[in-house]
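Asker: Contents are compact mmCIF, C-alpha atoms; file name protein_14.txt:
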# COMPACT_ATOMS: atom_id res chain seq x y z
CA MET E 177 -57.63 -67.41 -126.51
CA SER E 178 -58.32 -68.48 -122.92
CA VAL E 179 -61.81 -68.61 -121.45
CA ALA E 180 -61.02 -65.80 -119.02
CA THR E 181 -59.77 -63.56 -121.83
CA SER E 182 -62.82 -64.37 -123.95
CA ILE E 183 -65.13 -63.43 -121.08
CA GLU E 184 -63.36 -60.12 -120.60
CA LEU E 185 -63.66 -59.31 -124.30
CA ILE E 186 -67.29 -60.37 -124.51
CA SER E 187 -68.07 -57.97 -121.68
CA ARG E 188 -67.12 -55.10 -123.97
CA GLU E 189 -69.63 -53.97 -126.57
CA ALA E 190 -67.00 -53.73 -129.29
CA ALA E 191 -66.01 -57.36 -128.82
CA GLU E 192 -69.65 -58.48 -129.04
CA GLN E 193 -70.01 -56.63 -132.33
CA ALA E 194 -66.83 -58.23 -133.64
CA LYS E 195 -68.02 -61.73 -132.63
CA PRO E 196 -71.83 -61.71 -132.88
CA GLY E 197 -73.68 -64.40 -130.97
CA THR E 198 -70.95 -64.96 -128.40
CA SER E 199 -72.17 -64.79 -124.82
CA THR E 200 -71.48 -65.88 -121.27
CA CYS E 201 -73.93 -67.23 -118.71
CA ASN E 202 -73.25 -64.35 -116.31
CA ASP E 203 -71.67 -60.93 -116.75
CA ASP E 204 -70.14 -61.20 -113.26
CA LEU E 205 -67.65 -63.74 -114.63
CA ALA E 206 -65.62 -60.79 -115.91
CA LYS E 207 -65.00 -59.68 -112.31
CA GLY E 208 -62.14 -60.95 -110.19
CA PRO E 209 -63.17 -63.85 -107.89
CA TRP E 210 -62.33 -61.67 -104.87
CA ALA E 211 -65.51 -59.70 -105.63
CA PHE E 212 -67.37 -62.69 -104.14
CA ASP E 213 -65.09 -63.36 -101.16
CA LEU E 214 -66.79 -61.01 -98.74
CA PRO E 215 -68.87 -62.56 -95.93
CA GLY E 216 -72.58 -62.76 -96.61
CA GLU E 217 -75.06 -65.19 -98.09
CA PRO E 218 -73.17 -68.37 -99.11
CA SER E 219 -72.88 -68.73 -102.87
CA TYR E 220 -70.81 -70.52 -105.48
CA GLY E 221 -70.23 -67.34 -107.45
CA PRO E 222 -71.02 -66.77 -111.13
CA GLY E 223 -70.83 -69.71 -113.51
CA ALA E 224 -72.59 -72.99 -114.11
CA SER E 225 -73.64 -73.61 -110.51
CA MET E 226 -74.60 -70.03 -109.64
CA ASP E 227 -78.26 -71.06 -109.26
CA ASP E 228 -77.51 -74.00 -106.96
CA THR E 229 -78.25 -73.54 -103.27
CA ALA E 230 -75.03 -73.24 -101.30
CA PRO E 231 -75.29 -74.66 -97.75
CA SER E 232 -74.49 -72.50 -94.75
CA SER E 233 -71.29 -74.52 -94.28
CA THR E 234 -69.90 -73.29 -97.63
CA PRO E 235 -66.36 -71.97 -96.94
CA VAL E 236 -65.68 -68.26 -97.36
CA GLN E 237 -62.22 -67.26 -98.51
CA GLY E 238 -61.95 -63.81 -96.97
CA GLN E 239 -60.58 -60.83 -98.80
CA LEU E 240 -57.39 -61.28 -100.81
CA PRO E 241 -54.80 -58.54 -100.05
CA ALA E 242 -54.99 -55.59 -102.41
CA GLU E 243 -51.50 -56.13 -103.82
CA TYR E 244 -52.68 -59.43 -105.32
CA ARG E 245 -56.08 -58.15 -106.39
CA GLU E 246 -54.64 -55.13 -108.18
CA ALA E 247 -51.48 -56.63 -109.67
CA PRO E 248 -51.47 -56.99 -113.48
CA GLN E 249 -51.11 -60.48 -114.95
CA GLU E 250 -47.47 -59.87 -115.92
CA GLU E 251 -46.53 -59.04 -112.33
CA LEU E 252 -48.39 -62.02 -110.91
CA ASP E 253 -46.67 -64.27 -113.45
CA ALA E 254 -43.24 -63.03 -112.39
CA ARG E 255 -44.03 -63.44 -108.69
CA ILE E 256 -45.44 -66.95 -109.12
CA ARG E 257 -42.45 -68.12 -111.15
CA ALA E 258 -40.01 -66.57 -108.68
CA ALA E 259 -41.72 -68.28 -105.75
CA LYS E 260 -41.73 -71.63 -107.58
CA GLU E 261 -38.02 -71.31 -108.26
CA LYS E 262 -37.23 -70.51 -104.60
CA LEU E 263 -39.33 -73.40 -103.31
CA GLY E 264 -37.94 -75.90 -105.82
CA ASP E 265 -38.61 -79.56 -105.03
CA LYS E 266 -40.32 -78.60 -101.76
CA LEU E 267 -43.36 -77.64 -103.83
CA VAL E 268 -45.65 -79.45 -106.25
CA ILE E 269 -48.60 -77.76 -107.95
CA LEU E 270 -51.47 -79.94 -109.15
CA GLY E 271 -53.99 -78.58 -111.67
CA HIS E 272 -57.31 -80.02 -112.73
CA PHE E 273 -58.29 -80.15 -116.42
CA TYR E 274 -61.12 -77.66 -115.73
CA GLN E 275 -58.84 -75.02 -114.26
CA ARG E 276 -58.41 -71.77 -116.14
CA ASP E 277 -55.35 -71.51 -118.42
CA GLU E 278 -53.97 -68.57 -116.46
CA VAL E 279 -53.49 -70.92 -113.49
CA VAL E 280 -52.98 -74.37 -115.00
CA GLN E 281 -49.88 -73.14 -116.83
CA TYR E 282 -48.01 -73.30 -113.49
CA ALA E 283 -49.06 -76.86 -112.65
CA ASP E 284 -46.40 -79.55 -112.40
CA PHE E 285 -49.08 -82.12 -113.16
CA VAL E 286 -52.44 -81.69 -114.91
CA GLY E 287 -55.13 -84.36 -114.81
CA ASP E 288 -58.58 -85.48 -113.73
CA SER E 289 -59.53 -86.24 -110.15
CA PHE E 290 -58.38 -89.87 -110.41
CA GLN E 291 -54.97 -88.93 -111.80
CA LEU E 292 -54.48 -86.09 -109.33
CA ALA E 293 -55.34 -88.39 -106.43
CA LYS E 294 -52.52 -90.70 -107.51
CA ALA E 295 -50.15 -87.78 -108.16
CA ALA E 296 -50.67 -86.49 -104.62
CA ARG E 297 -49.72 -89.90 -103.23
CA ASP E 298 -46.70 -90.22 -105.52
CA LYS E 299 -44.96 -86.95 -104.53
CA PRO E 300 -43.43 -87.80 -101.12
CA GLU E 301 -40.53 -85.37 -101.61
CA ALA E 302 -42.78 -82.29 -101.72
CA GLU E 303 -43.31 -80.47 -98.44
CA ALA E 304 -46.27 -78.55 -99.85
CA ILE E 305 -48.92 -79.64 -102.35
CA VAL E 306 -50.79 -76.68 -103.83
CA PHE E 307 -54.00 -78.00 -105.34
CA CYS E 308 -55.49 -75.87 -108.10
CA GLY E 309 -58.84 -77.59 -108.12
CA VAL E 310 -61.72 -77.71 -105.64
CA HIS E 311 -62.17 -78.55 -101.98
CA PHE E 312 -62.93 -82.28 -102.15
CA MET E 313 -59.84 -82.80 -104.32
CA ALA E 314 -57.63 -81.05 -101.77
CA GLU E 315 -59.16 -83.18 -99.00
CA THR E 316 -58.33 -86.32 -100.97
CA ALA E 317 -54.76 -85.12 -101.51
CA ASP E 318 -54.39 -84.53 -97.77
CA MET E 319 -55.59 -88.05 -96.99
CA LEU E 320 -53.33 -89.74 -99.56
CA SER E 321 -50.21 -87.68 -98.85
CA SER E 322 -47.91 -88.14 -95.86
CA PRO E 323 -48.69 -86.46 -92.52
CA GLU E 324 -45.68 -84.17 -92.95
CA GLN E 325 -46.94 -82.71 -96.21
CA LYS E 326 -49.12 -79.61 -96.29
CA VAL E 327 -51.99 -79.47 -98.77
CA ILE E 328 -53.08 -75.99 -99.78
CA LEU E 329 -56.17 -74.79 -101.66
CA PRO E 330 -55.48 -71.30 -103.06
CA ASN E 331 -59.12 -70.19 -102.61
CA LEU E 332 -61.18 -71.82 -99.85
CA ALA E 333 -64.39 -70.89 -101.69
CA ALA E 334 -63.49 -73.30 -104.51
CA GLY E 335 -65.98 -75.96 -103.49
CA CYS E 336 -68.31 -78.18 -105.54
CA SER E 337 -72.08 -77.80 -105.70
CA MET E 338 -72.49 -81.47 -106.64
CA ALA E 339 -70.49 -82.58 -103.60
CA ASP E 340 -72.69 -80.39 -101.41
CA MET E 341 -75.84 -82.16 -102.67
CA ALA E 342 -75.04 -85.15 -100.46
CA ASP E 343 -74.08 -84.33 -96.87
CA ILE E 344 -73.20 -86.75 -94.10
CA ASP E 345 -76.44 -86.18 -92.14
CA SER E 346 -78.70 -86.84 -95.15
CA VAL E 347 -76.75 -89.92 -96.22
CA THR E 348 -76.77 -91.31 -92.67
CA GLU E 349 -80.54 -90.86 -92.47
CA CYS E 350 -80.92 -92.62 -95.82
CA TRP E 351 -78.68 -95.47 -94.68
CA GLU E 352 -80.68 -96.00 -91.51
CA GLU E 353 -83.89 -96.25 -93.52
CA LEU E 354 -82.30 -98.73 -95.93
CA GLU E 355 -80.93 -100.89 -93.12
CA GLU E 356 -84.38 -100.99 -91.54
CA LEU E 357 -85.84 -102.08 -94.87
CA PHE E 358 -83.17 -104.54 -96.05
CA GLY E 359 -81.68 -105.69 -92.77
CA THR E 360 -77.94 -106.24 -92.44
CA GLU E 361 -77.51 -109.99 -92.96
CA PRO E 362 -75.78 -111.20 -96.14
CA ASP E 363 -77.52 -113.53 -98.59
CA GLU E 364 -76.56 -117.16 -99.30
CA ASP E 365 -73.71 -115.93 -101.53
CA GLY E 366 -72.31 -113.73 -98.78
CA ARG E 367 -73.39 -110.46 -100.37
CA ILE E 368 -74.48 -107.71 -98.01
CA PRO E 369 -77.90 -106.09 -98.68
CA VAL E 370 -76.52 -102.71 -99.79
CA MET E 371 -73.12 -101.07 -100.23
CA PRO E 372 -72.38 -97.32 -100.32
CA VAL E 373 -70.45 -96.08 -103.35
CA THR E 374 -69.47 -92.44 -103.48
CA TYR E 375 -68.19 -90.53 -106.45
CA MET E 376 -64.88 -88.77 -105.94
CA ASN E 377 -66.85 -85.50 -106.03
CA SER E 378 -67.89 -85.80 -102.40
CA SER E 379 -66.72 -84.68 -98.98
CA ALA E 380 -64.12 -86.52 -96.93
CA ALA E 381 -66.91 -87.30 -94.46
CA LEU E 382 -68.81 -89.27 -97.10
CA LYS E 383 -65.69 -91.09 -98.20
CA GLY E 384 -65.22 -91.97 -94.54
CA PHE E 385 -68.83 -93.19 -94.38
CA CYS E 386 -68.11 -95.55 -97.26
CA GLY E 387 -64.97 -96.83 -95.59
CA GLU E 388 -66.87 -97.52 -92.38
CA HIS E 389 -69.63 -99.44 -94.18
CA GLY E 390 -67.56 -101.63 -96.50
CA GLY E 391 -67.93 -99.26 -99.46
CA ILE E 392 -65.70 -97.64 -102.01
CA VAL E 393 -64.99 -94.41 -103.91
CA CYS E 394 -65.15 -94.18 -107.71
CA THR E 395 -64.20 -91.72 -110.41
CA SER E 396 -65.71 -91.26 -113.86
CA SER E 397 -62.82 -93.27 -115.32
CA ASN E 398 -63.27 -96.36 -113.14
CA ALA E 399 -66.97 -96.26 -112.22
CA ALA E 400 -67.81 -99.46 -114.10
CA THR E 401 -64.89 -101.31 -112.50
CA VAL E 402 -66.01 -100.10 -109.08
CA LEU E 403 -69.62 -101.19 -109.64
CA ASP E 404 -68.40 -104.64 -110.72
CA TRP E 405 -66.41 -104.80 -107.48
CA ALA E 406 -69.44 -103.72 -105.48
CA PHE E 407 -71.88 -106.15 -107.14
CA GLU E 408 -69.58 -109.05 -106.25
CA ARG E 409 -69.96 -108.10 -102.60
CA ALA E 410 -73.44 -106.58 -102.35
CA GLN E 411 -76.94 -107.16 -103.65
CA ARG E 412 -77.31 -103.49 -104.54
CA VAL E 413 -75.49 -100.18 -104.16
CA LEU E 414 -76.39 -96.73 -102.89
CA PHE E 415 -74.65 -94.41 -105.37
CA PHE E 416 -74.07 -90.76 -104.49
CA PRO E 417 -73.93 -87.86 -105.14
CA ASP E 418 -74.18 -87.85 -108.98
CA GLN E 419 -77.26 -89.60 -110.34
CA HIS E 420 -76.16 -89.25 -113.97
CA LEU E 421 -72.80 -90.99 -113.63
CA GLY E 422 -74.46 -93.78 -111.68
CA ARG E 423 -77.31 -94.20 -114.16
CA ASN E 424 -75.18 -94.00 -117.30
CA THR E 425 -72.58 -96.42 -115.95
CA ALA E 426 -75.05 -98.98 -114.65
CA LYS E 427 -77.18 -98.79 -117.80
CA ALA E 428 -74.11 -99.51 -119.95
CA MET E 429 -73.50 -102.56 -117.72
CA GLY E 430 -76.99 -103.87 -118.44
CA VAL E 431 -78.86 -102.74 -115.33
CA PRO E 432 -82.49 -101.93 -116.30
CA LEU E 433 -83.69 -98.40 -115.56
CA GLU E 434 -86.55 -99.72 -113.43
CA GLN E 435 -83.92 -101.17 -111.08
CA MET E 436 -82.36 -97.74 -110.55
CA PRO E 437 -84.77 -95.72 -108.39
CA MET E 438 -83.93 -92.17 -107.31
CA TRP E 439 -83.40 -91.32 -103.66
CA SER E 440 -84.50 -87.78 -102.82
CA PRO E 441 -83.29 -86.74 -99.37
CA ARG E 442 -85.83 -85.42 -96.87
CA LYS E 443 -88.58 -87.63 -98.35
CA PRO E 444 -89.75 -90.86 -96.69
CA LEU E 445 -87.90 -93.76 -98.35
CA GLY E 446 -86.37 -91.16 -100.63
CA GLY E 447 -89.68 -90.65 -102.39
CA SER E 448 -89.84 -94.31 -103.41
CA ASP E 449 -91.62 -97.38 -102.01
CA GLU E 450 -90.52 -100.60 -100.35
CA GLN E 451 -91.15 -102.86 -103.33
CA THR E 452 -89.22 -100.63 -105.74
CA LEU E 453 -86.28 -100.42 -103.36
CA ASN E 454 -86.29 -104.17 -102.73
CA ASP E 455 -86.20 -104.77 -106.49
CA SER E 456 -83.42 -102.23 -107.01
CA LYS E 457 -79.86 -102.81 -108.13
CA VAL E 458 -78.60 -99.21 -107.94
CA ILE E 459 -80.20 -96.56 -105.72
CA LEU E 460 -79.31 -93.16 -107.21
CA TRP E 461 -78.91 -90.06 -105.08
CA HIS E 462 -80.65 -86.92 -106.35
CA GLY E 463 -77.48 -84.99 -107.22
CA PHE E 464 -75.90 -83.64 -110.40
CA CYS E 465 -73.13 -81.52 -111.92
CA SER E 466 -74.40 -78.11 -113.01
CA VAL E 467 -71.78 -77.90 -115.77
CA HIS E 468 -72.80 -81.16 -117.42
CA LYS E 469 -76.50 -80.60 -116.81
CA ARG E 470 -76.29 -77.74 -119.32
CA PHE E 471 -75.79 -80.12 -122.26
CA ASN E 472 -78.85 -81.33 -124.17
CA VAL E 473 -79.83 -83.37 -127.21
CA LYS E 474 -80.71 -80.29 -129.27
CA GLN E 475 -77.09 -79.16 -129.03
CA ILE E 476 -75.99 -82.50 -130.43
CA GLU E 477 -78.55 -82.28 -133.24
CA LYS E 478 -77.28 -78.79 -134.10
CA ALA E 479 -73.68 -80.02 -134.17
CA ARG E 480 -74.63 -82.86 -136.54
CA GLU E 481 -76.57 -80.44 -138.74
CA ASP E 482 -73.59 -78.06 -138.98
CA TYR E 483 -70.96 -80.81 -139.26
CA PRO E 484 -72.39 -84.10 -140.67
CA ASP E 485 -69.17 -85.99 -139.89
CA VAL E 486 -68.84 -84.64 -136.35
CA ARG E 487 -67.69 -86.96 -133.58
CA VAL E 488 -69.61 -86.19 -130.39
CA ILE E 489 -67.99 -87.11 -127.06
CA VAL E 490 -69.59 -86.22 -123.74
CA HIS E 491 -68.80 -86.73 -120.07
CA PRO E 492 -70.85 -89.41 -118.25
CA GLU E 493 -72.03 -86.75 -115.78
CA CYS E 494 -74.32 -85.55 -118.59
CA PRO E 495 -78.01 -86.59 -118.50
CA MET E 496 -78.77 -90.01 -119.99
CA PRO E 497 -80.47 -88.71 -123.20
CA VAL E 498 -77.31 -86.71 -123.98
CA VAL E 499 -75.04 -89.71 -123.41
CA ASP E 500 -77.35 -91.87 -125.55
CA ALA E 501 -77.33 -89.33 -128.40
CA ALA E 502 -73.54 -88.90 -128.37
CA ASP E 503 -71.10 -91.13 -130.23
CA GLU E 504 -69.06 -91.76 -127.10
CA SER E 505 -68.92 -90.87 -123.43
CA GLY E 506 -66.01 -90.94 -121.05
CA SER E 507 -64.01 -89.20 -118.36
CA THR E 508 -62.00 -86.07 -119.02
CA ASP E 509 -58.94 -88.22 -119.55
CA TYR E 510 -60.88 -90.41 -121.99
CA ILE E 511 -61.88 -87.32 -123.96
CA ARG E 512 -58.29 -86.06 -124.03
CA LYS E 513 -56.91 -89.41 -125.18
CA ALA E 514 -59.60 -89.82 -127.85
CA ILE E 515 -58.65 -86.51 -129.44
CA ALA E 516 -54.93 -87.19 -129.13
CA ALA E 517 -55.37 -90.57 -130.86
CA ALA E 518 -57.22 -89.17 -133.90
CA THR E 519 -54.78 -89.49 -136.82
CA GLU E 520 -56.87 -87.65 -139.42
CA PRO E 521 -58.30 -84.12 -139.13
CA THR E 522 -61.59 -84.56 -137.31
CA THR E 523 -64.43 -82.37 -136.07
CA PHE E 524 -65.15 -82.97 -132.38
CA ALA E 525 -68.14 -81.65 -130.44
CA ILE E 526 -67.34 -82.06 -126.76
CA GLY E 527 -69.71 -82.08 -123.80
CA THR E 528 -67.62 -81.07 -120.82
CA GLU E 529 -66.26 -77.96 -119.09
CA ILE E 530 -65.31 -75.11 -121.42
CA ASN E 531 -61.75 -74.51 -120.12
CA MET E 532 -60.75 -78.05 -121.04
CA VAL E 533 -62.46 -77.90 -124.44
CA ASN E 534 -60.72 -74.64 -125.36
CA ARG E 535 -57.37 -76.01 -124.22
CA LEU E 536 -57.81 -79.11 -126.39
CA ALA E 537 -58.73 -76.93 -129.37
CA ALA E 538 -55.52 -74.95 -128.94
CA GLU E 539 -53.40 -78.06 -128.40
CA TYR E 540 -54.73 -79.89 -131.49
CA PRO E 541 -55.20 -77.24 -134.20
CA GLN E 542 -55.37 -79.92 -136.92
CA HIS E 543 -58.85 -80.75 -135.60
CA THR E 544 -61.99 -78.66 -135.31
CA ILE E 545 -62.90 -78.85 -131.62
CA PHE E 546 -65.78 -77.00 -129.99
CA CYS E 547 -67.99 -77.17 -126.93
CA LEU E 548 -71.57 -78.36 -127.44
CA ASP E 549 -72.80 -75.54 -125.23
CA PRO E 550 -72.45 -72.30 -127.24
CA VAL E 551 -72.61 -70.17 -124.07
CA ILE E 552 -69.35 -69.73 -122.17
CA CYS E 553 -70.23 -70.91 -118.66
CA PRO E 554 -67.30 -72.41 -116.71
CA CYS E 555 -67.43 -74.39 -113.50
CA SER E 556 -68.17 -71.57 -111.08
CA THR E 557 -66.22 -72.99 -108.16
CA MET E 558 -63.18 -74.06 -110.18
CA TYR E 559 -63.20 -70.53 -111.57
CA ARG E 560 -62.67 -69.14 -108.06
CA ILE E 561 -58.98 -70.05 -108.37
CA HIS E 562 -57.04 -67.14 -109.91
CA PRO E 563 -53.31 -66.35 -110.28
CA GLY E 564 -53.69 -63.77 -107.50
CA TYR E 565 -54.58 -66.47 -104.97
CA LEU E 566 -51.85 -68.75 -106.26
CA ALA E 567 -49.25 -66.00 -105.86
CA TRP E 568 -50.56 -65.28 -102.34
CA VAL E 569 -50.21 -68.87 -101.08
CA LEU E 570 -46.84 -69.43 -102.80
CA GLU E 571 -45.29 -66.26 -101.39
CA GLY E 572 -46.64 -67.30 -98.01
CA LEU E 573 -44.68 -70.56 -98.32
CA VAL E 574 -41.55 -68.62 -99.26
CA ASP E 575 -42.00 -66.61 -96.04
CA GLY E 576 -42.57 -69.75 -94.00
CA GLU E 577 -46.34 -69.26 -93.67
CA VAL E 578 -48.82 -71.97 -94.70
CA ARG E 579 -52.00 -70.32 -95.94
CA ASN E 580 -55.29 -72.13 -96.64
CA GLN E 581 -54.11 -75.53 -95.46
CA ILE E 582 -56.69 -78.31 -95.89
CA THR E 583 -56.62 -80.86 -93.09
CA VAL E 584 -58.92 -83.86 -92.68
CA PRO E 585 -59.33 -85.05 -89.05
CA ASP E 586 -57.88 -88.48 -88.29
CA ASP E 587 -61.24 -90.00 -87.34
CA VAL E 588 -62.52 -89.14 -90.83
CA SER E 589 -59.29 -89.71 -92.71
CA ALA E 590 -58.73 -93.29 -91.48
CA PRO E 591 -61.94 -94.84 -92.88
CA ALA E 592 -61.94 -92.53 -95.92
CA THR E 593 -58.45 -93.68 -96.84
CA ILE E 594 -59.65 -97.29 -96.82
CA ALA E 595 -62.35 -96.43 -99.37
CA LEU E 596 -59.86 -94.42 -101.43
CA GLU E 597 -57.30 -97.22 -101.49
CA ARG E 598 -60.02 -99.55 -102.75
CA MET E 599 -60.69 -97.02 -105.50
CA LEU E 600 -57.02 -96.77 -106.45
CA ALA E 601 -56.83 -100.56 -106.68
CA ALA E 602 -59.88 -100.66 -109.00
CA LYS E 603 -57.99 -99.88 -112.18
CA PRO E 604 -60.19 -99.57 -115.30
Take the structure in the file and give it back as structure tokens.

Answerer:
Amino acid sequence: MSVATSIELISREAAEQAKPGTSTCNDDLAKGPWAFDLPGEPSYGPGASMDDTAPSSTPVQGQLPAEYREAPQEELDARIRAAKEKLGDKLVILGHFYQRDEVVQYADFVGDSFQLAKAARDKPEAEAIVFCGVHFMAETADMLSSPEQKVILPNLAAGCSMADMADIDSVTECWEELEELFGTEPDEDGRIPVMPVTYMNSSAALKGFCGEHGGIVCTSSNAATVLDWAFERAQRVLFFPDQHLGRNTAKAMGVPLEQMPMWSPRKPLGGSDEQTLNDSKVILWHGFCSVHKRFNVKQIEKAREDYPDVRVIVHPECPMPVVDAADESGSTDYIRKAIAAATEPTTFAIGTEINMVNRLAAEYPQHTIFCLDPVICPCSTMYRIHPGYLAWVLEGLVDGEVRNQITVPDDVSAPATIALERMLAAKP
């Protein structure tokens, strides 16, 4: 049963009685995403990041036409498949692991952000790339694809609260303070005082910032490789926007916690002091993923109590105590491969987004696979993509109309592409 179907059933009293204890983080999840498209106070919609503050720049989709909002799933399925057939090789649909089943079933390629970045670059024959993911992923696809290709995001409101926690103005202010403190001259080994490293979950502007300042982009699957690359060239790194990925990766590489101070924007020296920053190896931005922040050590203890032989695997975006308590941590692709490689029936407790966990459970029925978080709470922005929006953009392409195109300006794209190419070359 898909996450969306489960949420709809849980919203009915009869279903709750049939499956006691099942719940979702917000009843509004049962509504269509278009219920949150109307102009007003910016928000991420219901789901894991519903309590995060959305900046005023948060994109608003605008109302989806009624024929797509009101169409039953069977009709949308027929229309999507018909449009795909008409468009043929002119179209490629990319789907992230966290996307809902009702959408990801149409993807020509499913993967994590690292894999999808490469897939976008490796599809030169496609005139249109429809990205069923979130905004920063579509921006990356636009930068890595050819100028003739059109990148489309079915719902413009599919952003990322983590990415929004580090904006270009705040990072620039931080950088100016660090340059004043550290200077800009390299040491006797030729290493610059500080290098910016941005996680893939960031805006094109921040990727461009890294490209302009000798930095690089990383993903959860190659973060350690990227930090090795950076440490060869810099005395320390400024890592943004996800503090947990930076901390967990650097700790596993042997960097002491006292050499990883937090930088809180809008505070002098990020809330730290000169000595601490001078002694630092990794300066962590105060950002996080609201999905992975939900996981805690008590959930792991409960899983071990219920299943003594359980194998606990969590995403490195989880807080450090969760990663330390788990058996393993790794990217979404790492999690998928670990389950696929298990030759004997195994019980897995997984700490990552619920859509992916449920899909793995259905794909590998020989194993017992469940999410550490007992409450169904998907990525709120990823959940904004729905078959209705996919049908709308595909039928627009059939009619010769490009809807929701994502375009990164050349002055941002040029330096950002440099940082992205460095990332793609940093193979784990």

Asker: Just checking: using all atoms listed in the file, which residue out of E:Val347, E:Met558, E:Leu573, E:Val286 ends up closest to E:Thr508?

Answerer: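 Answer, going by the shortest atom-to-atom distance: E:Val286.
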
Asker: For atom CA of E:Val578 and atom CA of E:Val327, determine how far apart the two atoms are, in Å to one decimal place.

Answerer: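 Computed distance, atom CA of E:Val578 to atom CA of E:Val327, equals 9.1 Å.
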
Asker: Considering all atoms listed in the file, return as a PyMOL selection string whatever protein or nucleic-acid residues lie within 10 Å of E:Gly391, sequence-local ones (same chain, fewer than 6 positions apart) excluded.

Answerer: chain E and resi 370-374+383-385+402+405-406+409-410+413-414+591-592+594-596+598-599

Asker: Against stretch 483-507 of chain E, which residues of stretch 286-356 of chain E fall within 10 Å? For each one I want the closest pair of atoms and the distance in Å (one decimal), counting only C-alpha atoms, rows by chain and increasing residue number, as a tab-separated table.

Answerer:
residue	atom	partner	partner_atom	distance
E:Asp288	CA	E:Ser507	CA	8.0
E:Ser289	CA	E:Ser507	CA	9.8
E:Phe290	CA	E:Ser507	CA	9.8

Asker: If you take all atoms listed in the file and a cut-off of 8 Å, which residues of stretch 539-558 of chain E touch stretch 453-475 of chain E, and what are their nearest atom pairs and distances in Å to one decimal, in chain and number order, as CSV?

Answerer:
residue,atom,partner,partner_atom,distance
E:Leu548,CA,E:Gln475,CA,5.8
E:Asp549,CA,E:Phe471,CA,6.2
E:Cys553,CA,E:Val467,CA,7.7
E:Pro554,CA,E:Val467,CA,7.1
E:Cys555,CA,E:Val467,CA,6.0

Asker: Between atom CA of E:Gly271 and atom CA of E:Gly287, what is the distance in Å, rounded to a tenth?

Answerer: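 That distance, rounded to one decimal, is 6.7 Å.
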
Asker: Which residue gives the smallest distance to E:Glu408 among E:Glu324, E:Asp213, E:Asp586, E:Asp365, with only C-alpha atoms counted?

Answerer: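 The shortest atom-to-atom distance to E:Glu408 comes from E:Asp365.
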
Asker: Expressed in Å to a single decimal, how great is the separation between atom CA of E:Ala302 and atom CA of E:Ala567?

Answerer: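 Computed distance, atom CA of E:Ala302 to atom CA of E:Ala567, equals 18.0 Å.
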
Asker: Which residue out of E:Gly238, E:Pro604, E:Pro441, E:Pro541 has the minimum interatomic distance to E:Arg579 when only C-alpha atoms are used?

Answerer: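 Smallest distance to E:Arg579 is found for E:Gly238.
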
Asker: Restricting the calculation to only C-alpha atoms, which member of E:Thr583, E:Thr593, E:Ser556, E:Thr316 is positioned closest to E:Ile530?

Answerer: E:Ser556

Asker: Which is closer to E:Gln542 than all the others in E:Glu353, E:Glu520, E:Asp343, E:Asp298, using only C-alpha atoms?

Answerer: E:Glu520

Asker: Using all atoms listed in the file, which residues sit within 9 Å of E:Ala230 once same-chain residues fewer than 4 positions away are excluded, as number ranges by chain?

Answerer: E: 217-220, 226, 234, 337, 340

Asker: As a ChimeraX atom specification, please: the residues near E:Pro222 (cut-off 10 Å, only C-alpha atoms, same-chain neighbours under 4 positions excluded).

Answerer: /E:201-207,209,212,226-227,553-557,559-560

Asker: Considering only C-alpha atoms, can you say which of E:Pro444, E:Glu571, E:His420, E:Tyr375 comes closest to E:Leu403?

Answerer: E:Tyr375

Asker: Edge lengths and centre in Å to one decimal, as AutoDock Vina command-line options, is what I'm after for the box along x, y and z that holds all listed atoms of stretch 363-372 of chain E once 6 Å is added on each side.

Answerer:
--center_x -75.1 --center_y -107.2 --center_z -99.8 --size_x 17.6 --size_y 31.8 --size_z 15.5

Asker: Could you get me a file of stretch 528-544 of chain E with C-alpha atoms, as an mmCIF file, in the first residue's frame, taken from the block above?

Answerer:
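The result, stored in decode07.cif:
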data_model
loop_
_atom_site.group_PDB
_atom_site.id
_atom_site.type_symbol
_atom_site.label_atom_id
_atom_site.label_comp_id
_atom_site.auth_asym_id
_atom_site.auth_seq_id
_atom_site.Cartn_x
_atom_site.Cartn_y
_atom_site.Cartn_z
ATOM 1 C CA THR E 528 14.857 7.863 6.034
ATOM 2 C CA GLU E 529 11.797 9.185 4.182
ATOM 3 C CA ILE E 530 8.695 6.997 4.435
ATOM 4 C CA ASN E 531 7.914 6.723 0.692
ATOM 5 C CA MET E 532 11.274 5.088 0.044
ATOM 6 C CA VAL E 533 10.993 2.769 3.053
ATOM 7 C CA ASN E 534 7.532 1.553 2.010
ATOM 8 C CA ARG E 535 8.716 1.012 -1.556
ATOM 9 C CA LEU E 536 11.646 -1.088 -0.349
ATOM 10 C CA ALA E 537 9.319 -3.136 1.847
ATOM 11 C CA ALA E 538 7.121 -3.898 -1.160
ATOM 12 C CA GLU E 539 10.087 -4.647 -3.421
ATOM 13 C CA TYR E 540 11.760 -7.061 -0.974
ATOM 14 C CA PRO E 541 8.943 -9.014 0.722
ATOM 15 C CA GLN E 542 11.402 -11.679 1.942
ATOM 16 C CA HIS E 543 12.621 -9.111 4.483
ATOM 17 C CA THR E 544 10.823 -7.285 7.269
#
